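What follows is a short report on a single structure.
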Amino acid sequence: MKFNSQVLRKAFHAFCFLLPLHTALAQPSYIKEDRDGDGVPDVRDKCPDTDKNLNGQEFKVELDGKTYFVKIANVKKNFEESRRKYLMDNSRLEKEKKVLLDKAGGKTHMDKLTEEERQRIADIDTIETKNRLKLSNLHYIATVQHNGKATPVEIEIGVDDFGCLPDRDGDSVPDIVDKCPDDPGKPYYNGCNDRDGDGVFDHEDACPDEPGLKELKGCPDKGTGDKDKDGTIDKDDLCPTVPGPKSNKGCPELVTEEQKRIIEMASRVLFEFGSAELRFESLAILDQLAQVINDVTRKHGKIKVRLEGHTDDVGSNENNLELSRNRAKSVREYLITKGIDPFSLSSTGYGEEKPITENATPEGRQKNRRVEIAITNQ
């Protein structure tokens, strides 16, 4: 039986290349299952859904002093493609190095090469080492429009040996996408908090317990102006520069008469006495409200849904304020379970501050216990 020495030599070089790569990846060859593509096999991956937890989130990227936010998508595919890129790069470099070594007659005869050729071999070794390090660590390759050009950016993910992402404040939002990484927050607020539900995160809100305007750093407008002359003063107007009816917080109506009827019914959702727990009979109308929100979104694109809790005057103002906020949050959280985008929903509460009728009768108090709902263009 004859052996082809050239074939054997190629096989040997391939083995020498793959052996350190295998070591760098630190993954037994017989383990193939890795459903999130993070390089940690499922058999020891304590966080096997890294890709699902990152998809749809944003990375913060800084280039030449400029800040960009990159939307994350197809995480697993991106991981696999980045690995393939480094494997192919190392394969190409290995072939280039082999040509140079063959020319010299092997590593022991590198003195026959020019200084430039020897330097190139050293450069290849350095690049291959860096590529193997990248293969052993996760990198997400993103593209940003930087100075008018599509610029690829590598973002190191950095899962630990058990496939989990660092989360130093323990709020289940990984540090890499947590906009408040040292302050435990809510996943739907990107790891931050918004106690008053005004859309301004607490760490940026100068009035974190009082709903306000972004342009006023989260503080309310105390004036009585009405820029758009629609009868809703600016401090109560969700659209202060666009005329709209008071019934929709000063914003243009986006809903039909039938949808408006459902919204009005949903504003009278029932809670347990003195509690923010939704009563069973409220769920059917909230399901209809979720359908209205979905229908309006399909028709008008991105929208905002404002939920405001109100109470009667029974009990202390402080307790009523807290109760009204919690009731609005309960409605918000229920709508999220029905698939409504959390970032389209905001909630707050005013307690007994804004009654719509007298609190002197049971009927009046019942009308004042409500969650007002406004749907506006985003």
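Just so we're on the same page: first chain in the structure tokens is A, next is B, and so on; residues restart at 1 for each chain, and ligands are numbered from 1 in the order they show up.
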Extract, using only C-alpha atoms, all DNA, RNA and protein residues at most 8 Å from Asp312 of chain A, discarding same-chain residues fewer than 4 positions from it, and format them as a ChimeraX atom specification. /A:320,351-352,355,359,365-366,368-369
Please write the residues from the selection above to a file, keeping C-alpha atoms, as a PDB file, in the first residue's frame.
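Ended up saving to out.pdb:
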ATOM      1  CA  ASN A 320     -54.862  56.855  48.083  1.00  0.00           C
ATOM      2  CA  GLY A 351     -54.981  59.482  44.282  1.00  0.00           C
ATOM      3  CA  GLU A 352     -57.920  61.710  45.182  1.00  0.00           C
ATOM      4  CA  PRO A 355     -62.182  63.802  41.048  1.00  0.00           C
ATOM      5  CA  ASN A 359     -67.422  62.345  46.720  1.00  0.00           C
ATOM      6  CA  ARG A 365     -67.210  57.907  44.900  1.00  0.00           C
ATOM      7  CA  GLN A 366     -67.645  54.951  42.536  1.00  0.00           C
ATOM      8  CA  ASN A 368     -64.026  58.728  41.020  1.00  0.00           C
ATOM      9  CA  ARG A 369     -62.480  55.267  41.478  1.00  0.00           C
TER      10      ARG A 369
END
Just want the 10 Å neighbourhood of Ser267 of chain A, counted on only C-alpha atoms, with same-chain residues fewer than 6 positions away dropped. Output as a CSV table (one decimal) with N, CA and C atoms, in the first residue's frame.
chain,number,residue,atom,x,y,z
A,261,ARG,N,-65.9,53.2,23.2
A,261,ARG,CA,-66.8,52.6,24.2
A,261,ARG,C,-66.1,51.6,25.1
A,285,ILE,N,-63.0,42.7,30.0
A,285,ILE,CA,-62.9,44.0,29.3
A,285,ILE,C,-61.5,44.5,29.1
A,286,LEU,N,-60.6,44.1,30.0
A,286,LEU,CA,-59.2,44.4,29.7
A,286,LEU,C,-58.6,43.6,28.5
A,289,LEU,N,-59.7,45.6,25.7
A,289,LEU,CA,-58.8,46.8,25.6
A,289,LEU,C,-57.5,46.4,24.9
A,307,LEU,N,-51.9,55.2,31.3
A,307,LEU,CA,-52.9,54.7,32.3
A,307,LEU,C,-52.7,55.6,33.6
A,308,GLU,N,-53.8,56.2,34.0
A,308,GLU,CA,-53.8,57.1,35.2
A,308,GLU,C,-54.8,56.5,36.2
A,309,GLY,N,-54.3,56.2,37.4
A,309,GLY,CA,-55.2,55.7,38.5
A,309,GLY,C,-55.7,56.9,39.3
A,331,VAL,N,-53.1,47.3,35.9
A,331,VAL,CA,-53.7,47.2,34.6
A,331,VAL,C,-52.6,47.1,33.5
A,367,LYS,N,-67.6,56.6,40.8
A,367,LYS,CA,-67.2,57.2,39.5
A,367,LYS,C,-65.7,57.8,39.6
A,369,ARG,N,-63.4,56.4,41.4
A,369,ARG,CA,-62.5,55.3,41.5
A,369,ARG,C,-62.4,54.7,40.1
A,370,ARG,N,-61.3,55.1,39.4
A,370,ARG,CA,-61.2,54.8,38.0
A,370,ARG,C,-59.7,54.7,37.5
A,371,VAL,N,-59.5,54.2,36.3
A,371,VAL,CA,-58.2,54.2,35.7
A,371,VAL,C,-58.4,54.9,34.3
A,372,GLU,N,-58.0,56.1,34.1
A,372,GLU,CA,-58.2,56.8,32.9
A,372,GLU,C,-57.2,56.3,31.8
A,373,ILE,N,-57.7,56.1,30.6
A,373,ILE,CA,-56.8,55.6,29.5
A,373,ILE,C,-56.8,56.5,28.4
A,374,ALA,N,-55.6,56.9,27.9
A,374,ALA,CA,-55.4,57.7,26.7
A,374,ALA,C,-54.5,57.0,25.8
Find the residues near segment 236-248 of chain A: any atom within 8 Å, counting only C-alpha atoms, skip ones fewer than 3 places away on the same chain, and give them as an MDAnalysis selection string. chainID A and resid 226:233 251:253 373:376
Got time to write the residues from that selection, C-alpha atoms, as an mmCIF file, in the first residue's frame?
data_model
loop_
_atom_site.group_PDB
_atom_site.id
_atom_site.type_symbol
_atom_site.label_atom_id
_atom_site.label_comp_id
_atom_site.auth_asym_id
_atom_site.auth_seq_id
_atom_site.Cartn_x
_atom_site.Cartn_y
_atom_site.Cartn_z
ATOM 1 C CA ASP A 226 -52.512 76.072 26.749
ATOM 2 C CA LYS A 227 -50.244 76.331 23.699
ATOM 3 C CA ASP A 228 -52.535 74.469 21.302
ATOM 4 C CA LYS A 229 -55.719 76.195 22.573
ATOM 5 C CA ASP A 230 -57.651 72.923 22.831
ATOM 6 C CA GLY A 231 -59.039 73.506 26.319
ATOM 7 C CA THR A 232 -56.614 71.148 28.071
ATOM 8 C CA ILE A 233 -53.900 73.111 29.874
ATOM 9 C CA CYS A 251 -54.445 64.433 21.997
ATOM 10 C CA PRO A 252 -56.137 63.642 18.668
ATOM 11 C CA GLU A 253 -58.486 60.649 18.756
ATOM 12 C CA ILE A 373 -56.826 55.554 29.548
ATOM 13 C CA ALA A 374 -55.441 57.726 26.744
ATOM 14 C CA ILE A 375 -54.089 56.408 23.433
ATOM 15 C CA THR A 376 -51.817 58.782 21.521
#
Residue nearest Ile336 of chain A among A:Glu156, A:Glu272, A:Asp287, A:Asp295 (counting only C-alpha atoms):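 Closest to Ile336 of chain A, using only C-alpha atoms: A:Asp287.
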Where does DSSP see strand (DSSP E) in segment 105-348 of chain A, if you list the residues as a list in words?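 Here is the list: His139, Tyr140, Ile141, Ala142, Thr143, Val144, Gln145, His146, Lys149, Ala150, Thr151, Pro152, Val153, Glu154, Ile155, Glu156, Ile303, Lys304, Val305, Arg306, Leu307, Glu308, Gly309, His310, Leu345, Ser346, Ser347 and Thr348 of chain A.
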With N, CA and C atoms retained, could you export that selection as a PDB file, in the first residue's frame?
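Writing the result to part.pdb gives the following:
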ATOM      1  N   HIS A 139     -18.310  37.096  20.852  1.00  0.00           N
ATOM      2  CA  HIS A 139     -18.312  38.434  20.264  1.00  0.00           C
ATOM      3  C   HIS A 139     -19.551  38.587  19.389  1.00  0.00           C
ATOM      4  N   TYR A 140     -20.235  39.717  19.564  1.00  0.00           N
ATOM      5  CA  TYR A 140     -21.350  40.053  18.683  1.00  0.00           C
ATOM      6  C   TYR A 140     -20.831  41.079  17.690  1.00  0.00           C
ATOM      7  N   ILE A 141     -21.005  40.810  16.410  1.00  0.00           N
ATOM      8  CA  ILE A 141     -20.524  41.734  15.380  1.00  0.00           C
ATOM      9  C   ILE A 141     -21.698  42.579  14.906  1.00  0.00           C
ATOM     10  N   ALA A 142     -21.626  43.876  15.184  1.00  0.00           N
ATOM     11  CA  ALA A 142     -22.692  44.808  14.809  1.00  0.00           C
ATOM     12  C   ALA A 142     -22.183  45.763  13.732  1.00  0.00           C
ATOM     13  N   THR A 143     -23.108  46.470  13.124  1.00  0.00           N
ATOM     14  CA  THR A 143     -22.753  47.482  12.122  1.00  0.00           C
ATOM     15  C   THR A 143     -23.420  48.794  12.500  1.00  0.00           C
ATOM     16  N   VAL A 144     -22.632  49.862  12.571  1.00  0.00           N
ATOM     17  CA  VAL A 144     -23.182  51.188  12.878  1.00  0.00           C
ATOM     18  C   VAL A 144     -22.816  52.157  11.754  1.00  0.00           C
ATOM     19  N   GLN A 145     -23.669  53.138  11.549  1.00  0.00           N
ATOM     20  CA  GLN A 145     -23.377  54.191  10.577  1.00  0.00           C
ATOM     21  C   GLN A 145     -22.527  55.244  11.268  1.00  0.00           C
ATOM     22  N   HIS A 146     -21.222  55.158  11.062  1.00  0.00           N
ATOM     23  CA  HIS A 146     -20.274  56.043  11.742  1.00  0.00           C
ATOM     24  C   HIS A 146     -19.630  56.968  10.720  1.00  0.00           C
ATOM     25  N   LYS A 149     -20.480  56.120   7.189  1.00  0.00           N
ATOM     26  CA  LYS A 149     -20.059  54.834   6.632  1.00  0.00           C
ATOM     27  C   LYS A 149     -20.535  53.693   7.524  1.00  0.00           C
ATOM     28  N   ALA A 150     -20.915  52.576   6.901  1.00  0.00           N
ATOM     29  CA  ALA A 150     -21.275  51.375   7.644  1.00  0.00           C
ATOM     30  C   ALA A 150     -20.004  50.787   8.244  1.00  0.00           C
ATOM     31  N   THR A 151     -19.903  50.795   9.561  1.00  0.00           N
ATOM     32  CA  THR A 151     -18.678  50.378  10.252  1.00  0.00           C
ATOM     33  C   THR A 151     -18.960  49.167  11.138  1.00  0.00           C
ATOM     34  N   PRO A 152     -18.261  48.029  10.896  1.00  0.00           N
ATOM     35  CA  PRO A 152     -18.452  46.859  11.762  1.00  0.00           C
ATOM     36  C   PRO A 152     -17.815  47.074  13.130  1.00  0.00           C
ATOM     37  N   VAL A 153     -18.499  46.636  14.160  1.00  0.00           N
ATOM     38  CA  VAL A 153     -18.018  46.793  15.533  1.00  0.00           C
ATOM     39  C   VAL A 153     -18.150  45.456  16.259  1.00  0.00           C
ATOM     40  N   GLU A 154     -17.088  45.033  16.931  1.00  0.00           N
ATOM     41  CA  GLU A 154     -17.135  43.819  17.727  1.00  0.00           C
ATOM     42  C   GLU A 154     -17.463  44.170  19.175  1.00  0.00           C
ATOM     43  N   ILE A 155     -18.466  43.507  19.715  1.00  0.00           N
ATOM     44  CA  ILE A 155     -18.864  43.741  21.098  1.00  0.00           C
ATOM     45  C   ILE A 155     -18.678  42.437  21.864  1.00  0.00           C
ATOM     46  N   GLU A 156     -17.810  42.457  22.873  1.00  0.00           N
ATOM     47  CA  GLU A 156     -17.569  41.251  23.643  1.00  0.00           C
ATOM     48  C   GLU A 156     -18.717  41.021  24.619  1.00  0.00           C
ATOM     49  N   ILE A 303     -47.614  53.614  19.078  1.00  0.00           N
ATOM     50  CA  ILE A 303     -48.489  54.484  19.866  1.00  0.00           C
ATOM     51  C   ILE A 303     -48.027  54.487  21.319  1.00  0.00           C
ATOM     52  N   LYS A 304     -48.599  55.385  22.094  1.00  0.00           N
ATOM     53  CA  LYS A 304     -48.395  55.426  23.535  1.00  0.00           C
ATOM     54  C   LYS A 304     -49.738  55.247  24.227  1.00  0.00           C
ATOM     55  N   VAL A 305     -49.755  54.450  25.276  1.00  0.00           N
ATOM     56  CA  VAL A 305     -50.966  54.256  26.061  1.00  0.00           C
ATOM     57  C   VAL A 305     -50.679  54.719  27.486  1.00  0.00           C
ATOM     58  N   ARG A 306     -51.412  55.724  27.918  1.00  0.00           N
ATOM     59  CA  ARG A 306     -51.223  56.315  29.245  1.00  0.00           C
ATOM     60  C   ARG A 306     -52.317  55.812  30.173  1.00  0.00           C
ATOM     61  N   LEU A 307     -51.934  55.240  31.312  1.00  0.00           N
ATOM     62  CA  LEU A 307     -52.873  54.730  32.306  1.00  0.00           C
ATOM     63  C   LEU A 307     -52.738  55.568  33.575  1.00  0.00           C
ATOM     64  N   GLU A 308     -53.826  56.208  33.999  1.00  0.00           N
ATOM     65  CA  GLU A 308     -53.796  57.064  35.188  1.00  0.00           C
ATOM     66  C   GLU A 308     -54.799  56.543  36.219  1.00  0.00           C
ATOM     67  N   GLY A 309     -54.297  56.224  37.412  1.00  0.00           N
ATOM     68  CA  GLY A 309     -55.154  55.744  38.481  1.00  0.00           C
ATOM     69  C   GLY A 309     -55.707  56.887  39.316  1.00  0.00           C
ATOM     70  N   HIS A 310     -56.988  56.764  39.715  1.00  0.00           N
ATOM     71  CA  HIS A 310     -57.646  57.772  40.547  1.00  0.00           C
ATOM     72  C   HIS A 310     -58.485  57.069  41.612  1.00  0.00           C
ATOM     73  N   LEU A 345     -46.563  51.410  27.046  1.00  0.00           N
ATOM     74  CA  LEU A 345     -47.458  51.614  28.190  1.00  0.00           C
ATOM     75  C   LEU A 345     -46.775  52.416  29.294  1.00  0.00           C
ATOM     76  N   SER A 346     -47.423  53.429  29.792  1.00  0.00           N
ATOM     77  CA  SER A 346     -46.940  54.131  30.986  1.00  0.00           C
ATOM     78  C   SER A 346     -48.090  54.215  31.986  1.00  0.00           C
ATOM     79  N   SER A 347     -47.746  54.209  33.264  1.00  0.00           N
ATOM     80  CA  SER A 347     -48.792  54.254  34.288  1.00  0.00           C
ATOM     81  C   SER A 347     -48.389  55.206  35.400  1.00  0.00           C
ATOM     82  N   THR A 348     -49.368  55.832  35.986  1.00  0.00           N
ATOM     83  CA  THR A 348     -49.136  56.707  37.137  1.00  0.00           C
ATOM     84  C   THR A 348     -50.420  56.785  37.940  1.00  0.00           C
TER      85      THR A 348
END
I'd like the neighbourhood of Gly212 of chain A as a list in words, where a residue qualifies if any of its atoms comes within 10 Å (using only C-alpha atoms), though same-chain residues fewer than 5 positions away should be ignored.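 Here the qualifying residues turn out to be Asp196, Gly197, Asp198, Gly199, Val200, Asp205, Ala206, Cys207, Lys217, Gly218, Cys219, Pro220, Asp221, Lys222, Lys235 and Asp236 of chain A.
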Residues within 12 Å of Met110 of chain A, only C-alpha atoms, excluding chain neighbours under 5 positions, as a list in words: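 Answer for this query is Lys97, Lys98, Leu100, Leu101, Asp102, Lys103, Ala104, Gly105, Glu115, Glu116, Glu117, Arg118, Gln119, Arg120, Ile121 and Ala122 of chain A.
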May I have the residues from that selection written out with N, CA and C atoms, as a PDB file, in the first residue's frame?
ATOM      1  N   LYS A  97       1.115  31.028   5.855  1.00  0.00           N
ATOM      2  CA  LYS A  97       2.332  30.703   6.606  1.00  0.00           C
ATOM      3  C   LYS A  97       2.995  29.441   6.044  1.00  0.00           C
ATOM      4  N   LYS A  98       2.187  28.465   5.651  1.00  0.00           N
ATOM      5  CA  LYS A  98       2.723  27.212   5.117  1.00  0.00           C
ATOM      6  C   LYS A  98       3.518  27.461   3.834  1.00  0.00           C
ATOM      7  N   LEU A 100       5.168  30.120   3.048  1.00  0.00           N
ATOM      8  CA  LEU A 100       6.460  30.717   3.418  1.00  0.00           C
ATOM      9  C   LEU A 100       7.408  29.672   4.016  1.00  0.00           C
ATOM     10  N   LEU A 101       6.882  28.794   4.887  1.00  0.00           N
ATOM     11  CA  LEU A 101       7.728  27.777   5.513  1.00  0.00           C
ATOM     12  C   LEU A 101       8.200  26.738   4.499  1.00  0.00           C
ATOM     13  N   ASP A 102       7.318  26.379   3.560  1.00  0.00           N
ATOM     14  CA  ASP A 102       7.724  25.437   2.511  1.00  0.00           C
ATOM     15  C   ASP A 102       8.845  26.034   1.658  1.00  0.00           C
ATOM     16  N   LYS A 103       8.740  27.321   1.437  1.00  0.00           N
ATOM     17  CA  LYS A 103       9.770  27.998   0.652  1.00  0.00           C
ATOM     18  C   LYS A 103      11.127  27.909   1.341  1.00  0.00           C
ATOM     19  N   ALA A 104      11.092  28.004   2.700  1.00  0.00           N
ATOM     20  CA  ALA A 104      12.352  27.947   3.455  1.00  0.00           C
ATOM     21  C   ALA A 104      12.822  26.514   3.682  1.00  0.00           C
ATOM     22  N   GLY A 105      11.875  25.538   3.526  1.00  0.00           N
ATOM     23  CA  GLY A 105      12.232  24.158   3.816  1.00  0.00           C
ATOM     24  C   GLY A 105      11.920  23.763   5.240  1.00  0.00           C
ATOM     25  N   GLU A 115      13.941  39.191   5.857  1.00  0.00           N
ATOM     26  CA  GLU A 115      13.492  39.777   7.126  1.00  0.00           C
ATOM     27  C   GLU A 115      11.993  40.073   7.079  1.00  0.00           C
ATOM     28  N   GLU A 116      11.519  40.553   5.931  1.00  0.00           N
ATOM     29  CA  GLU A 116      10.103  40.875   5.764  1.00  0.00           C
ATOM     30  C   GLU A 116       9.240  39.610   5.861  1.00  0.00           C
ATOM     31  N   GLU A 117       9.729  38.486   5.262  1.00  0.00           N
ATOM     32  CA  GLU A 117       8.976  37.222   5.314  1.00  0.00           C
ATOM     33  C   GLU A 117       8.939  36.655   6.732  1.00  0.00           C
ATOM     34  N   ARG A 118      10.069  36.759   7.454  1.00  0.00           N
ATOM     35  CA  ARG A 118      10.088  36.277   8.840  1.00  0.00           C
ATOM     36  C   ARG A 118       9.155  37.110   9.722  1.00  0.00           C
ATOM     37  N   GLN A 119       9.119  38.413   9.471  1.00  0.00           N
ATOM     38  CA  GLN A 119       8.218  39.282  10.228  1.00  0.00           C
ATOM     39  C   GLN A 119       6.754  38.928   9.940  1.00  0.00           C
ATOM     40  N   ARG A 120       6.488  38.581   8.676  1.00  0.00           N
ATOM     41  CA  ARG A 120       5.119  38.222   8.317  1.00  0.00           C
ATOM     42  C   ARG A 120       4.683  36.958   9.065  1.00  0.00           C
ATOM     43  N   ILE A 121       5.550  35.973   9.196  1.00  0.00           N
ATOM     44  CA  ILE A 121       5.228  34.755   9.943  1.00  0.00           C
ATOM     45  C   ILE A 121       4.934  35.087  11.405  1.00  0.00           C
ATOM     46  N   ALA A 122       5.758  35.978  11.994  1.00  0.00           N
ATOM     47  CA  ALA A 122       5.530  36.389  13.384  1.00  0.00           C
ATOM     48  C   ALA A 122       4.180  37.097  13.526  1.00  0.00           C
TER      49      ALA A 122
END
Can you work out which one of A:Gln57, A:Thr224, A:Asn317, A:Ser136 has the shortest atom-to-atom distance to Lys179 of chain A, counting only C-alpha atoms?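 Looking only at the distances to Lys179 of chain A, the closest residue turns out to be A:Gln57.
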DSSP alpha helix (DSSP H) selection over segment 24-152 of chain A, as a PyMOL selection string: chain A and resi 24-25+50-54+75-104+115-136
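For the choices A:Leu138, A:Val99, A:Arg332, A:Asp36, the atom-to-atom distance to Asp49 of chain A is smallest for A:Asp36 when using only C-alpha atoms.
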With only C-alpha atoms as the counted atoms, please give the residues lying no more than 10 Å from segment 123-129 of chain A, apart from itself and same-chain residues fewer than 2 positions off, as a list of chain:residue names. A:Phe17, A:Pro20, A:Leu21, A:Ala24, A:Tyr86, A:Leu87, A:Asp89, A:Asn90, A:Ser91, A:Leu93, A:Glu94, A:Glu96, A:Lys97, A:Glu117, A:Arg118, A:Gln119, A:Arg120, A:Ile121, A:Asn131, A:Arg132, A:Leu133, A:Lys134, A:Leu135
Writing out the chosen residues with C-alpha atoms as a JSON list (two decimals), in the first residue's frame:
[["chain", "number", "residue", "atom", "x", "y", "z"],
["A", 17, "PHE", "CA", -4.16, 23.83, 13.68],
["A", 20, "PRO", "CA", -5.02, 24.40, 19.92],
["A", 21, "LEU", "CA", -8.34, 25.66, 18.60],
["A", 24, "ALA", "CA", -9.20, 27.26, 23.31],
["A", 86, "TYR", "CA", -12.28, 33.67, 12.78],
["A", 87, "LEU", "CA", -11.98, 30.02, 11.75],
["A", 89, "ASP", "CA", -9.34, 33.79, 8.84],
["A", 90, "ASN", "CA", -7.04, 31.40, 10.71],
["A", 91, "SER", "CA", -7.34, 28.84, 7.91],
["A", 93, "LEU", "CA", -3.42, 32.63, 7.53],
["A", 94, "GLU", "CA", -2.25, 29.06, 8.11],
["A", 96, "GLU", "CA", -0.11, 31.70, 3.86],
["A", 97, "LYS", "CA", 2.33, 30.70, 6.61],
["A", 117, "GLU", "CA", 8.98, 37.22, 5.31],
["A", 118, "ARG", "CA", 10.09, 36.28, 8.84],
["A", 119, "GLN", "CA", 8.22, 39.28, 10.23],
["A", 120, "ARG", "CA", 5.12, 38.22, 8.32],
["A", 121, "ILE", "CA", 5.23, 34.75, 9.94],
["A", 131, "ASN", "CA", -8.34, 34.89, 16.81],
["A", 132, "ARG", "CA", -8.22, 31.79, 19.00],
["A", 133, "LEU", "CA", -8.81, 33.98, 22.05],
["A", 134, "LYS", "CA", -11.83, 35.52, 20.32],
["A", 135, "LEU", "CA", -13.08, 32.05, 19.47]]
With only C-alpha atoms as the counted atoms, please give the residues lying no more than 8 Å from Pro181 of chain A, apart from itself and same-chain residues fewer than 5 positions off, as an MDAnalysis selection string. chainID A and resid 167:169 174:175 191
Can I get the selection written as a short mmCIF file (atom, residue, chain, number, x, y, z; two decimals), in the first residue's frame, with N, CA and C atoms?
data_model
loop_
_atom_site.label_atom_id
_atom_site.label_comp_id
_atom_site.auth_asym_id
_atom_site.auth_seq_id
_atom_site.Cartn_x
_atom_site.Cartn_y
_atom_site.Cartn_z
N ASP A 167 -24.42 40.16 35.83
CA ASP A 167 -25.57 40.96 36.24
C ASP A 167 -25.32 41.40 37.68
N ARG A 168 -24.52 42.47 37.83
CA ARG A 168 -24.02 42.80 39.16
C ARG A 168 -25.09 43.32 40.12
N ASP A 169 -26.23 43.86 39.60
CA ASP A 169 -27.27 44.30 40.54
C ASP A 169 -28.35 43.23 40.74
N PRO A 174 -29.01 41.62 32.11
CA PRO A 174 -27.54 41.55 32.00
C PRO A 174 -26.91 42.94 31.93
N ASP A 175 -25.74 43.08 32.56
CA ASP A 175 -25.06 44.38 32.61
C ASP A 175 -24.91 45.01 31.23
N GLY A 191 -33.76 47.54 32.98
CA GLY A 191 -33.01 47.46 34.23
C GLY A 191 -33.09 48.71 35.09
#
Which of these residues is nearest to Thr361 of chain A, using only C-alpha atoms: A:Asp313, A:Ala266, A:Gly106, A:Phe201?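 Smallest distance to Thr361 of chain A is found for A:Asp313.
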So how far away is atom CA of Arg195 of chain A from atom CA of Gly56 of chain A, in Å? 23.9 Å
